[in-house]
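**Q** This structure is in structure tokens; I'll ask about it shortly.
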Amino acid sequence: MTTLDFSFYTWANISNYLISGLYFSISLTIAATIGGIALGTIIALLRLSGIKPLVYLSTWYVNVFRSVPLVMVLLWFFLLVPSSFYDLFPGGSGQKYRAEICALITFIVFEAAFFSEIVRAGIQSLPRGQSSAGQALGMTYGQNMRYIILPQAIRNMLPVFLTQTIVLFQDTSLVYAIGAYDILKGFEIMGNTFGRRIETYLLAAVVYFAISFFLSMLVKRLNQKIRIVR
Amino acid sequence: MMAYWQNVWDHWQFLWDDRGDGVTYFQWMMSAWGYTVAVAFCSLVIALVFGIIIGTLRTITGHRIISTFAATWVELFRNIPILVQLFIWFFVISELVPGMRSVPGFVLACCALGFFTSARIAEQIRAGIQALPAGQRNAGLAVGFTQLQTYRYVILPQTFRIIIPPLTSEAMNIVKNSSVAFAVSIPELISFAMQTQEETSRGVEVYLAATLLYAITALAVNRVMSLIERRTSIPGLTPQAQGGH
């Protein structure tokens, strides 16, 4: 019978192996969420633009990334982003953090496909009567967006954005495929160094669970707060 | 024209090269595809079985222990990334639980993916059951059905039809999520792509082939599910595509 021994989790070891990984996981989540929402909104607007080539292009973009596993997309970008791109980063840090930079680009491009669907659904979920009513009241396009459409659309989207962010946070563990140093990698290296894989994977699960669960509780609270009473 | 096809052949002929043990890369790719499909399918079966049970249990009222158990199940399997769950099955459960050491990796991978997905399916079942009008349950109880019979004959048959669209996307997700099995050396498409890329340096071609196979699989799953949806729909009850107004 294997006995569990957690004594190697000293502060020195934790800050040696885990802190930078946790920092990367969290910053990747935040950066990819912001970048993904920005790019995703553009794609959603293209898709709703009604201009045929743009509609086709954006639909194709979304469908491609939704039918391919994230791991596969990570491998693609790791293969295709040219080495000279990483030279653009100052002081050779680009070459040193190749996998991490590649992961960030991949996540923004990949998650944009998913965020764009959320934005599209958020805008389309509003009945046409809303914008018609705004126009009938004599509102300009800008006023209509500002006072009628966006307040409702954002309320519809926000909880889904946050849920998607939780999914995204869990997905960051997949950077394992290209060897980026995230929290899971930190745990793995720690486990191999001390010969304690059981304890490290257990704690990895606990850490991911705690963060995701905390965030999903937050989303639940937020949902109740911003709900539109109809 | 000849030169063009010669060029294409030069790019792809490595697929028919021997990888060193009498197996060509093409044969390896097909077997890898088979693994992807097999892992996805077996996981889906596990996920459906547990997802339906847990999702149903979540809607049972008046039994605190049961609903707490089901809720814990869902939160546990939903809030840990699939890759970490996979490692837990391979390095923790197989070490700590007696007799698990001899279980083959394929089974462990299917368990990991199946349990992970079961939490999501459970949520869809629960939402499907709760979407039914309360009158359905009451009517079942009123005609003298027990709670079990009400579920068996009234609630679940309707729920299954409601949840086919979200199930379709779960089934497609499971194909995509099976890609994490590379991390525990299951010889599926990602493993094939990574290793072949290293051995042949034909990265673009290998990844293109693997990506296409994933897309084909996803499309096939989508078609099969929509066939099931059409076969099982009750005319007039299941909402058909509605025209605008």
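Starting from 1 in every chain, residues are counted up; chains themselves are A, B, ... following the order of the structure tokens, and ligands are numbered from 1 as listed.
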Which residues are close to Leu4 (chain A), i.e. within 10 Å by only C-alpha atoms, leaving aside same-chain residues fewer than 5 positions away? Reply as a ChimeraX atom specification.
**A** /A:196,198-199 /B:96
**Q** Export, as an mmCIF file, in the first residue's frame, the selected residues with C-alpha atoms.
**A**
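In the end it all went to out_3.cif:
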data_model
loop_
_atom_site.group_PDB
_atom_site.id
_atom_site.type_symbol
_atom_site.label_atom_id
_atom_site.label_comp_id
_atom_site.auth_asym_id
_atom_site.auth_seq_id
_atom_site.Cartn_x
_atom_site.Cartn_y
_atom_site.Cartn_z
ATOM 1 C CA ARG A 196 5.905 11.768 -5.915
ATOM 2 C CA ILE A 198 0.544 10.684 -7.008
ATOM 3 C CA GLU A 199 0.696 13.616 -4.622
ATOM 4 C CA LEU B 96 -3.897 3.554 -5.117
#
**Q** Only residues of chain A matter here; which ones have an atom within 9 Å of chain B, counting only C-alpha atoms? Give them as a PyMOL selection string.
**A** chain A and resi 1-3+64+67-73+75-76+79-80+166-167+169-174+176-177+184+197-199+201-202+204-213+216
**Q** Those same residues - N, CA and C atoms - I'd like them written as a compact mmCIF listing (two decimals), in the first residue's frame.
**A**
# COMPACT_ATOMS: atom_id res chain seq x y z
N MET A 1 0.84 -1.20 0.00
CA MET A 1 0.00 0.00 0.00
C MET A 1 0.88 1.25 0.00
N THR A 2 0.62 2.09 -0.96
CA THR A 2 1.37 3.33 -1.04
C THR A 2 0.86 4.31 0.01
N THR A 3 1.77 4.94 0.71
CA THR A 3 1.33 5.96 1.64
C THR A 3 1.61 7.33 1.05
N VAL A 64 -14.21 25.76 -38.97
CA VAL A 64 -12.92 25.06 -38.95
C VAL A 64 -12.45 24.87 -37.52
N SER A 67 -14.36 22.32 -35.38
CA SER A 67 -14.35 20.89 -35.68
C SER A 67 -12.98 20.27 -35.48
N VAL A 68 -12.01 21.06 -35.05
CA VAL A 68 -10.65 20.52 -34.85
C VAL A 68 -10.29 20.62 -33.37
N PRO A 69 -9.65 19.58 -32.81
CA PRO A 69 -9.28 19.63 -31.40
C PRO A 69 -8.26 20.75 -31.15
N LEU A 70 -8.35 21.35 -29.97
CA LEU A 70 -7.41 22.42 -29.61
C LEU A 70 -5.96 21.94 -29.66
N VAL A 71 -5.75 20.69 -29.25
CA VAL A 71 -4.38 20.15 -29.27
C VAL A 71 -3.81 20.19 -30.69
N MET A 72 -4.67 19.83 -31.65
CA MET A 72 -4.24 19.83 -33.05
C MET A 72 -3.89 21.26 -33.50
N VAL A 73 -4.71 22.22 -33.09
CA VAL A 73 -4.46 23.62 -33.46
C VAL A 73 -3.15 24.10 -32.84
N LEU A 75 -0.56 22.27 -32.14
CA LEU A 75 0.54 21.67 -32.91
C LEU A 75 0.74 22.43 -34.22
N TRP A 76 -0.37 22.77 -34.88
CA TRP A 76 -0.28 23.52 -36.14
C TRP A 76 0.49 24.82 -35.95
N LEU A 79 4.09 24.49 -35.30
CA LEU A 79 4.84 24.12 -36.52
C LEU A 79 4.97 25.30 -37.46
N LEU A 80 3.90 26.07 -37.59
CA LEU A 80 3.85 27.05 -38.68
C LEU A 80 4.37 28.44 -38.34
N ILE A 166 -14.07 29.99 -17.94
CA ILE A 166 -13.74 28.85 -17.08
C ILE A 166 -13.29 27.67 -17.93
N VAL A 167 -14.02 27.43 -19.03
CA VAL A 167 -13.63 26.36 -19.95
C VAL A 167 -12.22 26.63 -20.47
N PHE A 169 -9.88 28.39 -19.07
CA PHE A 169 -8.88 28.15 -18.04
C PHE A 169 -8.52 26.66 -17.96
N GLN A 170 -9.54 25.82 -18.04
CA GLN A 170 -9.25 24.38 -18.00
C GLN A 170 -8.48 23.95 -19.24
N ASP A 171 -8.83 24.57 -20.38
CA ASP A 171 -8.15 24.22 -21.63
C ASP A 171 -6.68 24.60 -21.62
N THR A 172 -6.31 25.60 -20.79
CA THR A 172 -4.90 26.01 -20.80
C THR A 172 -3.99 24.84 -20.44
N SER A 173 -4.54 23.82 -19.74
CA SER A 173 -3.69 22.68 -19.39
C SER A 173 -3.20 21.95 -20.64
N LEU A 174 -3.88 22.17 -21.78
CA LEU A 174 -3.50 21.45 -23.00
C LEU A 174 -2.20 21.95 -23.61
N TYR A 176 0.35 21.55 -22.55
CA TYR A 176 1.21 20.39 -22.32
C TYR A 176 1.75 19.83 -23.63
N ALA A 177 0.89 19.86 -24.68
CA ALA A 177 1.26 19.25 -25.96
C ALA A 177 2.49 19.91 -26.59
N LEU A 184 0.30 22.84 -14.64
CA LEU A 184 0.33 21.38 -14.72
C LEU A 184 1.76 20.89 -14.97
N ARG A 197 4.62 11.36 -7.92
CA ARG A 197 3.64 11.74 -8.94
C ARG A 197 2.21 11.73 -8.41
N ILE A 198 1.92 10.78 -7.52
CA ILE A 198 0.54 10.68 -7.01
C ILE A 198 0.15 11.98 -6.31
N GLU A 199 1.02 12.42 -5.41
CA GLU A 199 0.70 13.62 -4.62
C GLU A 199 0.62 14.86 -5.50
N TYR A 201 -0.12 15.08 -8.82
CA TYR A 201 -1.32 15.12 -9.68
C TYR A 201 -2.57 15.35 -8.85
N LEU A 202 -2.60 14.78 -7.63
CA LEU A 202 -3.75 15.03 -6.76
C LEU A 202 -3.89 16.53 -6.47
N ALA A 204 -2.64 18.96 -8.17
CA ALA A 204 -2.97 19.68 -9.41
C ALA A 204 -4.48 19.69 -9.61
N ALA A 205 -5.10 18.52 -9.39
CA ALA A 205 -6.55 18.44 -9.54
C ALA A 205 -7.24 19.37 -8.55
N VAL A 206 -6.74 19.40 -7.31
CA VAL A 206 -7.35 20.25 -6.29
C VAL A 206 -7.25 21.73 -6.70
N VAL A 207 -6.08 22.13 -7.20
CA VAL A 207 -5.89 23.53 -7.57
C VAL A 207 -6.84 23.91 -8.71
N TYR A 208 -6.88 23.08 -9.76
CA TYR A 208 -7.77 23.39 -10.88
C TYR A 208 -9.22 23.42 -10.40
N PHE A 209 -9.57 22.45 -9.56
CA PHE A 209 -10.95 22.39 -9.08
C PHE A 209 -11.29 23.64 -8.30
N ALA A 210 -10.40 24.03 -7.39
CA ALA A 210 -10.69 25.18 -6.53
C ALA A 210 -10.93 26.43 -7.37
N ILE A 211 -10.04 26.66 -8.34
CA ILE A 211 -10.17 27.88 -9.15
C ILE A 211 -11.44 27.83 -10.00
N SER A 212 -11.67 26.71 -10.69
CA SER A 212 -12.84 26.62 -11.57
C SER A 212 -14.13 26.71 -10.76
N PHE A 213 -14.15 26.02 -9.62
CA PHE A 213 -15.37 26.00 -8.81
C PHE A 213 -15.67 27.39 -8.26
N SER A 216 -17.05 29.44 -11.04
CA SER A 216 -18.42 29.12 -11.45
C SER A 216 -19.43 29.56 -10.40
**Q** Quick one: residues within 12 Å of Lys96 (chain A), only C-alpha atoms counted, chain neighbours fewer than 6 positions away excluded, as a JSON list (two decimals) with C-alpha atoms, in the first residue's frame?
**A**
[["chain", "number", "residue", "atom", "x", "y", "z"],
["A", 83, "SER", "CA", 11.21, 31.15, -35.97],
["A", 86, "TYR", "CA", 9.95, 34.87, -32.02],
["A", 87, "ASP", "CA", 13.02, 37.01, -32.75],
["A", 89, "PHE", "CA", 10.62, 39.79, -28.88],
["A", 90, "PRO", "CA", 13.34, 41.72, -27.08],
["A", 102, "CYS", "CA", 2.78, 30.19, -29.41],
["A", 180, "ALA", "CA", 4.80, 25.30, -22.33],
["A", 181, "TYR", "CA", 5.45, 25.78, -18.62]]
**Q** Considering only C-alpha atoms, can you say which of B:Asn222, B:Val143, B:Arg126, B:Thr36 comes closest to Ser67 (chain B)?
**A**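 Selected residue with least distance to Ser67 (chain B): B:Arg126.
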**Q** I need the residues in region 67-166 of chain B that are alpha helix (DSSP H) according to DSSP; give them as a VMD selection string.
**A** chain B and resid 67 to 78 82 to 87 94 to 96 105 to 131 134 to 142 147 to 149 156 to 162 164 to 166
**Q** Produce a file of the selected residues containing C-alpha atoms, as a CSV table (one decimal), in the first residue's frame.
**A**
chain,number,residue,atom,x,y,z
B,67,SER,CA,-29.2,15.0,-4.9
B,68,THR,CA,-26.1,16.0,-3.0
B,69,PHE,CA,-24.3,13.0,-4.4
B,70,ALA,CA,-25.4,13.8,-7.9
B,71,ALA,CA,-24.5,17.5,-7.6
B,72,THR,CA,-21.0,16.6,-6.2
B,73,TRP,CA,-20.4,14.2,-9.1
B,74,VAL,CA,-21.2,16.9,-11.6
B,75,GLU,CA,-19.1,19.6,-9.9
B,76,LEU,CA,-16.2,17.2,-9.4
B,77,PHE,CA,-15.9,16.0,-13.0
B,78,ARG,CA,-16.8,19.4,-14.6
B,82,ILE,CA,-9.7,16.5,-18.8
B,83,LEU,CA,-5.9,16.2,-19.1
B,84,VAL,CA,-5.6,16.3,-15.3
B,85,GLN,CA,-8.4,13.8,-14.9
B,86,LEU,CA,-6.6,11.5,-17.3
B,87,PHE,CA,-3.4,11.7,-15.3
B,94,SER,CA,-4.2,2.9,-10.9
B,95,GLU,CA,-1.6,3.1,-8.1
B,96,LEU,CA,-3.9,3.6,-5.1
B,105,GLY,CA,-4.5,2.1,-20.6
B,106,PHE,CA,-7.2,2.1,-23.2
B,107,VAL,CA,-9.8,1.3,-20.6
B,108,LEU,CA,-8.4,4.0,-18.2
B,109,ALA,CA,-8.5,6.6,-21.0
B,110,CYS,CA,-12.1,5.7,-21.8
B,111,CYS,CA,-13.1,5.9,-18.1
B,112,ALA,CA,-11.4,9.3,-17.8
B,113,LEU,CA,-13.1,10.8,-20.9
B,114,GLY,CA,-16.4,9.0,-20.2
B,115,PHE,CA,-16.7,10.3,-16.6
B,116,PHE,CA,-15.6,13.8,-17.6
B,117,THR,CA,-18.3,13.9,-20.3
B,118,SER,CA,-20.9,12.3,-18.0
B,119,ALA,CA,-21.0,15.4,-15.9
B,120,ARG,CA,-21.9,17.5,-19.0
B,121,ILE,CA,-24.5,15.0,-20.2
B,122,ALA,CA,-26.0,14.9,-16.7
B,123,GLU,CA,-26.5,18.7,-16.8
B,124,GLN,CA,-28.2,18.4,-20.2
B,125,ILE,CA,-30.4,15.6,-19.0
B,126,ARG,CA,-31.3,17.7,-15.9
B,127,ALA,CA,-32.1,20.7,-18.1
B,128,GLY,CA,-34.1,18.5,-20.4
B,129,ILE,CA,-36.2,17.1,-17.6
B,130,GLN,CA,-36.7,20.5,-16.0
B,131,ALA,CA,-37.8,21.9,-19.4
B,134,ALA,CA,-44.7,20.0,-14.4
B,135,GLY,CA,-48.0,18.6,-15.6
B,136,GLN,CA,-46.3,15.7,-17.3
B,137,ARG,CA,-44.9,14.4,-14.0
B,138,ASN,CA,-48.1,15.1,-12.1
B,139,ALA,CA,-50.2,13.4,-14.8
B,140,GLY,CA,-47.9,10.3,-14.5
B,141,LEU,CA,-48.4,10.2,-10.8
B,142,ALA,CA,-52.1,10.9,-11.1
B,147,GLN,CA,-42.0,7.7,-9.4
B,148,LEU,CA,-39.9,5.2,-11.2
B,149,GLN,CA,-42.6,4.4,-13.7
B,156,LEU,CA,-37.3,10.2,-19.9
B,157,PRO,CA,-38.7,9.3,-23.4
B,158,GLN,CA,-39.5,13.0,-23.9
B,159,THR,CA,-36.3,14.1,-22.4
B,160,PHE,CA,-34.2,12.0,-24.7
B,161,ARG,CA,-35.8,13.6,-27.7
B,162,ILE,CA,-35.2,17.1,-26.3
B,164,ILE,CA,-30.5,15.2,-28.9
B,165,PRO,CA,-29.2,18.5,-30.3
B,166,PRO,CA,-27.0,19.2,-27.2
